[in-house]
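Reading through the structure tokens given below for one structure.
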Number of protein chains: 4
Amino acid sequence: MAPEEKAIFVKLWDKGYKINKEIDRFSTGNDYILDRALVKYDCMASIAHAKMLGKVGILSKSEVGQLERALNEIIDLDKKGRFEIKQEDEDCHTAIENYLTKKLGNVGKKIHTARSRNDQVAVALRLYYKAELAKCEKLTEQLISAFRLFGKKYGSIKMPGYTHTRKAMPSSIALWSGAFIEAMEDDLKLMKNVHDLIDQSPLGTGAGYGVPMEIDREFTAKELKFKKVQNNPIYVQNSRGKFESAIIGSLSMVMLDLNKMAQDMIVFSMPEFGYFVIPQDLTTGSSMMPQKKNPDPLEIMRANYHVINSYELQTKEIVSNLISGYNKDFQLTKEPIMRSFEIVEQSLGVAAIIVSKIKVDKKRAAEGLTNEVYATQKAYSFVKKGMPFRDAYKKAAESGK
Amino acid sequence: MAPEEKAIFVKLWDKGYKINKEIDRFSTGNDYILDRALVKYDCMASIAHAKMLGKVGILSKSEVGQLERALNEIIDLDKKGRFEIKQEDEDCHTAIENYLTKKLGNVGKKIHTARSRNDQVAVALRLYYKAELAKCEKLTEQLISAFRLFGKKYGSIKMPGYTHTRKAMPSSIALWSGAFIEAMEDDLKLMKNVHDLIDQSPLGTGAGYGVPMEIDREFTAKELKFKKVQNNPIYVQNSRGKFESAIIGSLSMVMLDLNKMAQDMIVFSMPEFGYFVIPQDLTTGSSMMPQKKNPDPLEIMRANYHVINSYELQTKEIVSNLISGYNKDFQLTKEPIMRSFEIVEQSLGVAAIIVSKIKVDKKRAAEGLTNEVYATQKAYSFVKKGMPFRDAYKKAAESGK
Amino acid sequence: MAPEEKAIFVKLWDKGYKINKEIDRFSTGNDYILDRALVKYDCMASIAHAKMLGKVGILSKSEVGQLERALNEIIDLDKKGRFEIKQEDEDCHTAIENYLTKKLGNVGKKIHTARSRNDQVAVALRLYYKAELAKCEKLTEQLISAFRLFGKKYGSIKMPGYTHTRKAMPSSIALWSGAFIEAMEDDLKLMKNVHDLIDQSPLGTGAGYGVPMEIDREFTAKELKFKKVQNNPIYVQNSRGKFESAIIGSLSMVMLDLNKMAQDMIVFSMPEFGYFVIPQDLTTGSSMMPQKKNPDPLEIMRANYHVINSYELQTKEIVSNLISGYNKDFQLTKEPIMRSFEIVEQSLGVAAIIVSKIKVDKKRAAEGLTNEVYATQKAYSFVKKGMPFRDAYKKAAESGK
Amino acid sequence: MAPEEKAIFVKLWDKGYKINKEIDRFSTGNDYILDRALVKYDCMASIAHAKMLGKVGILSKSEVGQLERALNEIIDLDKKGRFEIKQEDEDCHTAIENYLTKKLGNVGKKIHTARSRNDQVAVALRLYYKAELAKCEKLTEQLISAFRLFGKKYGSIKMPGYTHTRKAMPSSIALWSGAFIEAMEDDLKLMKNVHDLIDQSPLGTGAGYGVPMEIDREFTAKELKFKKVQNNPIYVQNSRGKFESAIIGSLSMVMLDLNKMAQDMIVFSMPEFGYFVIPQDLTTGSSMMPQKKNPDPLEIMRANYHVINSYELQTKEIVSNLISGYNKDFQLTKEPIMRSFEIVEQSLGVAAIIVSKIKVDKKRAAEGLTNEVYATQKAYSFVKKGMPFRDAYKKAAESGK
């Protein structure tokens with residue numbers, strides 16, 4: 001018998017039969033890795049759940065205490081990177097219950113009373129989303145601050161404004177950086193709205209059809225600082241994939257702004273324009289061409305927008321055409337949202353570094369203001385003398401030939 | 001010379017040269033058709049603009065009056081389907097300015113003072129979005145009402161709840177319909193948030209770099225009942241595609257709920273289940289199989305979710321990797337958002353009809369409640385006698401074999 | 001009673017009950033408009049089907065003759081734009097059968113023997129796809145020819161090659177245009193492969209489970225010039241959405257090449273580069289800025305790539321998570337593929353015009369070849385003297401500072 | 001100074017300045033992890049490259065020998081999991097060159113003569129794609145074999161065929177499994193076509209603009225068993241993202257078939273149907289509901305289709321709206337294609353297990369053949385007596401009420 005065969009698999013749903021190992025690995029997927037991010041939140045939710053079980057009389061005061069201490073222990077271990085989730089554990093929820101049962105015996109076996117892995121997963125994810133959204137909001141605010149500083153430093157510099165990738169009218173660094181500040185203020189609104197939407201406690205809804213005993217959902221919601229209880233148990237499950245895609249949707253808006261910022265910086269730092277100067281330590285080189293200083297981080301940032309969009313879509317489509325209630329397909333929405341948070345947070349952080357370091361070349365920007373960008377002003381000089389706009393436009397066009 | 005060659009093309013940007021005709025048709029695309037929906041909003045915005053030009057002294061009181069009357073005339077013509085936009089007009093904005101100039105001469109030529117087609121398009125679209133979002137919100141509320149009535153009528157009927165497409169625990173029509181009500185209440189929030197976000201007046205920002213004269217943007221914003229002025233002119237252009245995808249994103253959430261509703265109704269009205277009964281007049285037949293009564297509208301509704309998702313994505317990707325400022329690519333975001341509104345409004349309307357007509361078969365629903373759905377209750381009966389949950393679970397599993 | 005109420009709806013599946021009118025409109029969708037493109041192909045397939053019914057003894061020689069004449073009549077009417085499909089017809093297939101029955105009485109009622117609307121739709125679409133793919137292939141070949149001419153005219157002109165949107169090494173128009181020629185030769189392969197894949201006759205598979213009588217599928221396949229019979233009737237239905245997305249997938253490859261061509265032309269025709277010169281009649285102007293000459297057709301072409309991608313995705317997702325056999329959802333795959341063909345054909349046509357008209361500015365291209373593009377050659381001059389490449393690279397980098 | 005600060009970063013493009021560390025990490029991304037799959041292929045290509053350099057006289061025979069031995073050493077180390085790529089290495093290409101230089105001194109510094117990291121990455125990926133596609137093809141063939149065995153075992157069993165998720169006509173397991181066999185034979189064609197398309201050697205094209213010395217591209221192409229040389233150096237770079245999405249596109253077709261297979265098995269193994277029986281060891285349980293046996297692997301397989309679709313799209317969009325030549329954005333196409341191969345290979349493997357283990361319940365399948373599925377046959381019995389089909393259809397519909 002191979003050594004791994006001897007390993008004791010203790011799944012939450014263990015009832016005496018063994019699952020085919022390849023199938024098991026396929027069904028588990030990356031959960032055991034992804035779930036590292038959830039250990040803390042699952043423990044927090046389990047503590048609140050244990051307290052509630054104490055309140056309604058299922059657990060004694062001492063049992064609640066034992067569980068709370070053991071769960072805090074796990075939180076500490078996890079902080080130090082020492083709480084392990086093995087592939088055969090399936091996920092963090094199993095690893096945690098197994099830890100409790102190993103440590104506390106019968107008391108551990110009671111933690112899962114009045115809940116299902118379905119609402120347990122949902123509540124841990126919800127807490128995680130709230131924390132990650134808060135991070136994204138903070139990073140967006142920091143990027144706004146970086147843009148404000150940038151605007152203060154360089155705002156008065158004039159540069160050409162473009163439409164259709166062609167010089168259009170006079171613009172300025174203040175106008176340009178102001179566009180991103182306003183854009184990100186809108187993004188913040190969108191993130192906060194989604195944050196507010198998902199701020200509902202799913203705990204206590206079991207597998208989507210409630211639990212066959214009296215519990216106190218308001219209590220756990222308050223303990224975990226949720227704004228409200230998500231009332232309908234079927235909707236708790238049906239909102240999986242929905243809340244995730246709403247979140248990624250809001251993140252994709254800030255990524256669109258970064259995509260545009262990156263494209264502006266890449267194009268306008270080309271030697272042919274020279275409006276922006278990217279410091280050497282933000283560029284990388286070529287393995288073959290000695291002269292190259294490439295704007296790699298901006299290119300990666302630009303590309304990340306598409307990655308986020310595809311993750312949003314993935315989440316939306318995975319949960320489509322399914323009947324109500326939990327479906328295992330939902331599990332696959334974990335990776336796209338976790339990856340999305342990671343990518344967006346990195347991108348926002350790097351964007352702030354770049355905005356704080358990139359320089360504006362006043363001379364080159366001034367040189368960009370060639371005659372053609374003043375054609376509209378010329379037309380308006382005729383308007384001010386009383387000519388109807390459409391005639392003034394034609395006269396200016398004529399004289400510009 | 002072919003007769004169409006003689007046609008007088010008067011483009012807003014006409015300055016004496018002719019564009020290649022195939023290129024012209026390609027660049028214009030479907031705008032001249034899609035823009036039928038915008039005529040009214042463009043006229044409303046033009047009236048506000050004319051009044052503002054009067055206020056700041058560019059137009060005389062009489063000129064403002066003439067423009068206002070002519071624009072109201074166009075609104076009336078349009079209401080009767082008699083305001084035509086020809087392909088060679090390019091879009092409604094040109095057709096309207098040409099109408100004004102033909103009718104009012106020099107006064108018509110002045111309407112475009114202090115604006116560009118860029119902010120003109122943006123403001124007309126913004127008004128259109130607000131009106132369409134309001135429609136979607138109202139239709140969602142009506143569907144919620146239909147569900148409430150349905151719940152009142154059939155709510156007390158018990159039926160099995162499913163997870164993993166397998167019978168899980170006892171559920172009820174009340175629980176099922178409540179899930180959709182709560183889901184759509186969340187959708188309403190999302191729509192209202194987006195509605196609030198886009199409620200900013202872009203008028204007065206020109207081509208993205210302001211206009212070279214003093215105007216009163218607060219005045220036009222108030223006239224058009226916008227909540228606020230969208231301040232930064234570059235951001236006005238950069239928000240194209242962004243606002244659209246945020247809107248479609250919110251619509252896709254309600255479509256996800258309809259997708260699930262449709263899938264539930266399709267599956268649970270199969271003769272093998274029989275919980276729902278779809279009245280004959282909501283079904284269609286087969287050209288070959290005489291017995292068939294097919295749930296076509298539910299299948300179309302299910303499919304529409306994917307259509308909306310692809311439109312959201314289209315909008316997001318069209319505006320990617322572009323430098324700041326208007327790019328013609330933006331024009332292509334019109335069709336996906338207009339089609340999205342159309343599809344979502346139809347789907348919501350049809351969903352309300354279906355919810356008001358579909359029936360529940362109490363007997364078949366009861367028959368669905370076979371033994372297995374009570375296994376969890378059995379486990380909990382042991383828990384109530386003091387057995388730790390995990391042991392109770394195993395005992396119930398054992399006895400169910 | 002409203003006049004439209006009195007209209008005689010004769011659906012193929014009519015069996016005495018009336019469908020709710022809003023539901024009917026929703027289920028029919030745009031089919032009655034889209035199907036205009038299919039009339040010809042449905043008639044061709046119906047003629048082959050009638051001949052086969054004659055061959056196996058279901059129809060007499062005279063009946064086959066009557067049907068063939070009437071169907072050719074419809075083809076003629078359609079060519080002149082005079083064969084109408086009304087919304088209440090649902091689709092072209094119903095309109096055609098109704099025409100036959102009205103004209104030929106009982107003989108018309110026999111045309112649908114041994115087929116279902118499912119295989120009828122499939123065969124008409126398949127013929128349509130083959131014709132449209134052939135058009136796309138031809139247009140791609142024409143664009144390749146245009147590029148060859150362009151290369152002949154301007155090929156010898158040197159210009160800088162870019163990586164990371166930064167000058168890299170010396171390139172030439174020959175190299176640049178050659179890249180598109182090779183790219184499109186690969187596209188042609190992809191299109192031909194897909195063309196070959198879908199060249200299978202679905203006729204005779206009924207609704208997906210065959211027809212309860214002996215027919216000759218090889219005969220109709222040969223009549224319609226299909227390469228082979230698509231054997232399995234369930235697969236005929238299951239391949240809906242699959243073949244469509246494979247087709248759009250191949251089209252999206254040529255659109256990616258056009259997207260890049262457009263981006264190159266837009267960027268390198270900016271005054272800041274000036275390598276390409278877009279003739280005035282391929283540009284449009286601004287409503288406000290008199291000087292503007294915008295590359296609108298190139299921008300639309302660039303954006304079209306994203307539209308095609310979203311249509312491919314739409315098609316793929318619409319048919320997901322469905323059980324085997326026809327589902328009404330499939331109907332919604334018609335619009336994305338029809339629109340895709342339309343957009344790709346227009347784009348290829350316009351691209352050929354542009355390639356034949358755009359000019360290269362030899363002087364500006366030469367001015368682009370600044371010192372830095374020769375750094376690699378410098379490193380190689382050290383290599384040729386025996387220095388290891390990595391040291392030569394560093395020496396060249398050093399000397400370039 | 002922190003210890004990591006002291007670490008000697010030796011990038012291929014090192015020329016004496018240090019990159020900001022956060023920026024470095026961001027630009028490198030997961031490459032150093034993903035590249036583990038490429039070590040072998042990079043070494044194979046480097047050996048061919050070294051031989052070619054020997055052939056054209058850049059390297060001596062002994063130098064070629066040293067390089068070949070050292071590269072084979074790396075292949076061996078890698079096979080044992082002992083060739084490490086550190087984050088500061090950036091990617092496998094750097095790690096390999098550094099290894100060679102450390103081991104062989106000046107000889108190592110010569111390996112990069114006449115190539116750039118751009119063509120080096122392209123050739124390693126191309127070899128990897130070919131190997132992975134071959135795996136996918138083989139796994140698809142194995143799944144076809146599994147279906148053939150399944151068909152032999154159960155093919156004669158009759159079951160109802162469905163359209164619109166409603167019973168339609170009699171079908172059989174033979175028909176059902178035959179549909180998947182034919183579908184996958186088409187998938188094989190698509191994969192082989194793409195395999196054939198990408199079978200072009202990119203080696204020797206440098207950074208997209210050739211290398212400034214004479215080399216023998218035919219030689220390396222033959223050494224590496226490529227069908228042909230990919231001639232145009234710009235196209236080599238422009239085909240990045242294109243070839244990847246063509247590959248994922250073909251994989252998505254087989255995933256669509258698995259998606260449908262999974263949905264059929266999930267639905268028709270519900271107790272309400274019971275046609276299929278999923279053995280216990282292919283199911284998992286619930287943490288709360290003791291009776292549950294859930295078809296998790298089928299649900300994951302179903303969901304994987306959407307993941308692949310989003311990866312295809314990601315790849316397509318990442319490379320959009322970019323000018324010709326390499327852009328760093330391309331780097332992000334590595335992860336989606338690598339993940340796609342992994343997911344598709346796992347899914348195909350698991351599908352073969354399931355097809356070989358799932359059972360058909362003859363009795364339940366027969367019970368599914370209720371009266372309604374014979375309505376079409378009834379209509380045809382009238383046709384056989386000479387009644388026009390449309391009348392026969394109505395008569396059968398009437399009698400079925």
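In the structure tokens, each chain is lettered A, B, ... as it comes, each chain's residues begin at 1, and ligands are numbered from 1 in order of appearance.
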
- May I ask you to extract the residues of chain C within 9 Å of chain A, using only C-alpha atoms, and to give them as JSON, numbers by chain? {"C": [163, 164, 165, 166, 167, 168, 169, 266, 267, 270, 271, 272, 273, 287, 288, 289, 290, 291, 292, 293, 294, 295, 296, 299, 317, 320, 321, 322, 368, 372, 373, 374, 375, 376, 377, 379, 389, 390, 393, 394, 395, 396, 397, 398, 400, 401]}

- Item | For Phe147 of chain A: contacts at 12 Å, only C-alpha atoms, fewer than 5 positions along chain excluded, given as a list in words |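 Counting only C-alpha atoms, the residues come to Thr140, Glu141, Gln142, Lys152, Lys153, Tyr154, Gly155, Ile173, Ala174, Leu175, Trp176, Ser177, Gly178, Ala179, Phe180, Ile181, Glu182, Ala183, Met184, Glu185, Met261, Ala351, Ala352, Ile353, Ile354, Val355, Ser356, Lys357 and Ile358 of chain A.
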
Those selected residues, please, written with N, CA and C atoms and delivered as a PDB file, in the first residue's frame.
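Now in again-v5.pdb:
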ATOM      1  N   THR A 140      -6.746  53.261  -3.748  1.00  0.00           N
ATOM      2  CA  THR A 140      -7.242  54.230  -4.725  1.00  0.00           C
ATOM      3  C   THR A 140      -7.100  55.646  -4.174  1.00  0.00           C
ATOM      4  N   GLU A 141      -7.432  55.790  -2.892  1.00  0.00           N
ATOM      5  CA  GLU A 141      -7.263  57.107  -2.271  1.00  0.00           C
ATOM      6  C   GLU A 141      -5.798  57.547  -2.293  1.00  0.00           C
ATOM      7  N   GLN A 142      -4.908  56.599  -2.064  1.00  0.00           N
ATOM      8  CA  GLN A 142      -3.481  56.948  -2.092  1.00  0.00           C
ATOM      9  C   GLN A 142      -3.034  57.351  -3.486  1.00  0.00           C
ATOM     10  N   LYS A 152       0.101  69.331  -8.377  1.00  0.00           N
ATOM     11  CA  LYS A 152       0.660  70.532  -7.745  1.00  0.00           C
ATOM     12  C   LYS A 152       2.012  70.872  -8.349  1.00  0.00           C
ATOM     13  N   LYS A 153       2.809  69.851  -8.598  1.00  0.00           N
ATOM     14  CA  LYS A 153       4.184  70.014  -9.073  1.00  0.00           C
ATOM     15  C   LYS A 153       4.237  70.470 -10.522  1.00  0.00           C
ATOM     16  N   TYR A 154       3.386  69.844 -11.346  1.00  0.00           N
ATOM     17  CA  TYR A 154       3.523  70.052 -12.790  1.00  0.00           C
ATOM     18  C   TYR A 154       2.282  70.670 -13.440  1.00  0.00           C
ATOM     19  N   GLY A 155       1.234  70.903 -12.631  1.00  0.00           N
ATOM     20  CA  GLY A 155      -0.081  71.247 -13.194  1.00  0.00           C
ATOM     21  C   GLY A 155      -0.075  72.410 -14.174  1.00  0.00           C
ATOM     22  N   ILE A 173      -1.203  69.805 -17.867  1.00  0.00           N
ATOM     23  CA  ILE A 173      -1.019  68.706 -16.923  1.00  0.00           C
ATOM     24  C   ILE A 173      -2.103  68.740 -15.850  1.00  0.00           C
ATOM     25  N   ALA A 174      -2.504  69.932 -15.453  1.00  0.00           N
ATOM     26  CA  ALA A 174      -3.572  70.031 -14.449  1.00  0.00           C
ATOM     27  C   ALA A 174      -4.856  69.385 -14.957  1.00  0.00           C
ATOM     28  N   LEU A 175      -5.185  69.650 -16.197  1.00  0.00           N
ATOM     29  CA  LEU A 175      -6.393  69.084 -16.781  1.00  0.00           C
ATOM     30  C   LEU A 175      -6.259  67.566 -16.877  1.00  0.00           C
ATOM     31  N   TRP A 176      -5.102  67.134 -17.326  1.00  0.00           N
ATOM     32  CA  TRP A 176      -4.854  65.704 -17.506  1.00  0.00           C
ATOM     33  C   TRP A 176      -4.912  64.964 -16.179  1.00  0.00           C
ATOM     34  N   SER A 177      -4.196  65.460 -15.181  1.00  0.00           N
ATOM     35  CA  SER A 177      -4.194  64.730 -13.905  1.00  0.00           C
ATOM     36  C   SER A 177      -5.551  64.864 -13.217  1.00  0.00           C
ATOM     37  N   GLY A 178      -6.203  65.996 -13.424  1.00  0.00           N
ATOM     38  CA  GLY A 178      -7.553  66.176 -12.864  1.00  0.00           C
ATOM     39  C   GLY A 178      -8.523  65.135 -13.399  1.00  0.00           C
ATOM     40  N   ALA A 179      -8.349  64.758 -14.665  1.00  0.00           N
ATOM     41  CA  ALA A 179      -9.237  63.751 -15.266  1.00  0.00           C
ATOM     42  C   ALA A 179      -9.135  62.436 -14.513  1.00  0.00           C
ATOM     43  N   PHE A 180      -7.918  62.059 -14.100  1.00  0.00           N
ATOM     44  CA  PHE A 180      -7.756  60.796 -13.382  1.00  0.00           C
ATOM     45  C   PHE A 180      -8.268  60.897 -11.958  1.00  0.00           C
ATOM     46  N   ILE A 181      -8.083  62.066 -11.358  1.00  0.00           N
ATOM     47  CA  ILE A 181      -8.598  62.250  -9.992  1.00  0.00           C
ATOM     48  C   ILE A 181     -10.120  62.105  -9.984  1.00  0.00           C
ATOM     49  N   GLU A 182     -10.768  62.802 -10.906  1.00  0.00           N
ATOM     50  CA  GLU A 182     -12.234  62.689 -10.961  1.00  0.00           C
ATOM     51  C   GLU A 182     -12.676  61.260 -11.288  1.00  0.00           C
ATOM     52  N   ALA A 183     -11.947  60.640 -12.201  1.00  0.00           N
ATOM     53  CA  ALA A 183     -12.292  59.267 -12.593  1.00  0.00           C
ATOM     54  C   ALA A 183     -12.232  58.352 -11.374  1.00  0.00           C
ATOM     55  N   MET A 184     -11.173  58.499 -10.602  1.00  0.00           N
ATOM     56  CA  MET A 184     -11.004  57.593  -9.463  1.00  0.00           C
ATOM     57  C   MET A 184     -11.945  57.936  -8.322  1.00  0.00           C
ATOM     58  N   GLU A 185     -12.367  59.180  -8.258  1.00  0.00           N
ATOM     59  CA  GLU A 185     -13.400  59.493  -7.265  1.00  0.00           C
ATOM     60  C   GLU A 185     -14.711  58.769  -7.621  1.00  0.00           C
ATOM     61  N   MET A 261      -4.268  55.621 -18.145  1.00  0.00           N
ATOM     62  CA  MET A 261      -3.087  56.303 -17.608  1.00  0.00           C
ATOM     63  C   MET A 261      -1.824  55.680 -18.185  1.00  0.00           C
ATOM     64  N   ALA A 351       1.060  51.911  -9.540  1.00  0.00           N
ATOM     65  CA  ALA A 351       0.650  53.171 -10.180  1.00  0.00           C
ATOM     66  C   ALA A 351       1.037  54.358  -9.304  1.00  0.00           C
ATOM     67  N   ALA A 352       0.846  54.219  -8.005  1.00  0.00           N
ATOM     68  CA  ALA A 352       1.190  55.325  -7.103  1.00  0.00           C
ATOM     69  C   ALA A 352       2.687  55.608  -7.144  1.00  0.00           C
ATOM     70  N   ILE A 353       3.503  54.552  -7.180  1.00  0.00           N
ATOM     71  CA  ILE A 353       4.953  54.744  -7.292  1.00  0.00           C
ATOM     72  C   ILE A 353       5.282  55.504  -8.585  1.00  0.00           C
ATOM     73  N   ILE A 354       4.672  55.056  -9.671  1.00  0.00           N
ATOM     74  CA  ILE A 354       4.979  55.664 -10.964  1.00  0.00           C
ATOM     75  C   ILE A 354       4.552  57.132 -10.990  1.00  0.00           C
ATOM     76  N   VAL A 355       3.334  57.407 -10.517  1.00  0.00           N
ATOM     77  CA  VAL A 355       2.860  58.795 -10.534  1.00  0.00           C
ATOM     78  C   VAL A 355       3.767  59.682  -9.676  1.00  0.00           C
ATOM     79  N   SER A 356       4.309  59.110  -8.611  1.00  0.00           N
ATOM     80  CA  SER A 356       5.161  59.933  -7.742  1.00  0.00           C
ATOM     81  C   SER A 356       6.567  60.124  -8.332  1.00  0.00           C
ATOM     82  N   LYS A 357       6.915  59.320  -9.327  1.00  0.00           N
ATOM     83  CA  LYS A 357       8.284  59.383  -9.853  1.00  0.00           C
ATOM     84  C   LYS A 357       8.385  59.914 -11.267  1.00  0.00           C
ATOM     85  N   ILE A 358       7.316  59.797 -12.026  1.00  0.00           N
ATOM     86  CA  ILE A 358       7.388  60.218 -13.427  1.00  0.00           C
ATOM     87  C   ILE A 358       7.547  61.741 -13.482  1.00  0.00           C
TER      88      ILE A 358
END

- Query: Within 8 Å of Leu125 of chain B, counting only C-alpha atoms, which residues qualify if same-chain residues fewer than 3 places away don't, as a list in words?
  - Reply: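 So, after excluding close chain neighbours, the residues are Leu38, Tyr41, Val121, Ala122, Tyr128 and Tyr129 of chain B.
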
Serialized selection, N, CA and C atoms, as a PDB file, in the first residue's frame:
ATOM      1  N   LEU B  38     -32.300  59.151 -30.014  1.00  0.00           N
ATOM      2  CA  LEU B  38     -31.645  60.274 -29.331  1.00  0.00           C
ATOM      3  C   LEU B  38     -32.175  61.640 -29.735  1.00  0.00           C
ATOM      4  N   TYR B  41     -33.666  63.715 -27.013  1.00  0.00           N
ATOM      5  CA  TYR B  41     -32.721  64.154 -25.988  1.00  0.00           C
ATOM      6  C   TYR B  41     -31.756  65.201 -26.524  1.00  0.00           C
ATOM      7  N   VAL B 121     -23.046  64.840 -28.082  1.00  0.00           N
ATOM      8  CA  VAL B 121     -23.373  63.414 -28.052  1.00  0.00           C
ATOM      9  C   VAL B 121     -23.444  62.934 -26.609  1.00  0.00           C
ATOM     10  N   ALA B 122     -22.454  63.325 -25.823  1.00  0.00           N
ATOM     11  CA  ALA B 122     -22.386  62.852 -24.440  1.00  0.00           C
ATOM     12  C   ALA B 122     -23.627  63.256 -23.656  1.00  0.00           C
ATOM     13  N   TYR B 128     -30.586  60.078 -22.275  1.00  0.00           N
ATOM     14  CA  TYR B 128     -31.201  58.827 -22.720  1.00  0.00           C
ATOM     15  C   TYR B 128     -30.967  57.719 -21.688  1.00  0.00           C
ATOM     16  N   TYR B 129     -29.746  57.594 -21.202  1.00  0.00           N
ATOM     17  CA  TYR B 129     -29.440  56.558 -20.207  1.00  0.00           C
ATOM     18  C   TYR B 129     -30.309  56.726 -18.966  1.00  0.00           C
TER      19      TYR B 129
END

- Message: From a backbone DSSP assignment, name each residue in segment 237-349 of chain D labelled alpha helix (DSSP H), as an MDAnalysis selection string.
- Response: chainID D and resid 237:238 242:268 296:318 334:349

- Spatial neighbours of segment 98-112 of chain D, max dist 7 Å, only C-alpha atoms, sep filter under 3 positions, as an MDAnalysis selection string: (chainID C and resid 388:390) or (chainID D and resid 50 63 70 94:95 115:116)

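Nearest residue to Tyr32 of chain C among C:Gln263, C:Gln87, C:Gln66, C:Ser201 is C:Gln87, counting only C-alpha atoms.
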
- Write down as an MDAnalysis selection string the residues belonging to segment 132-380 of chain B that are assigned strand (DSSP E or B) by DSSP computed on the backbone. chainID B and resid 158:163 166:172 200:201 206 210 228:229 276:277 284 294 359:360
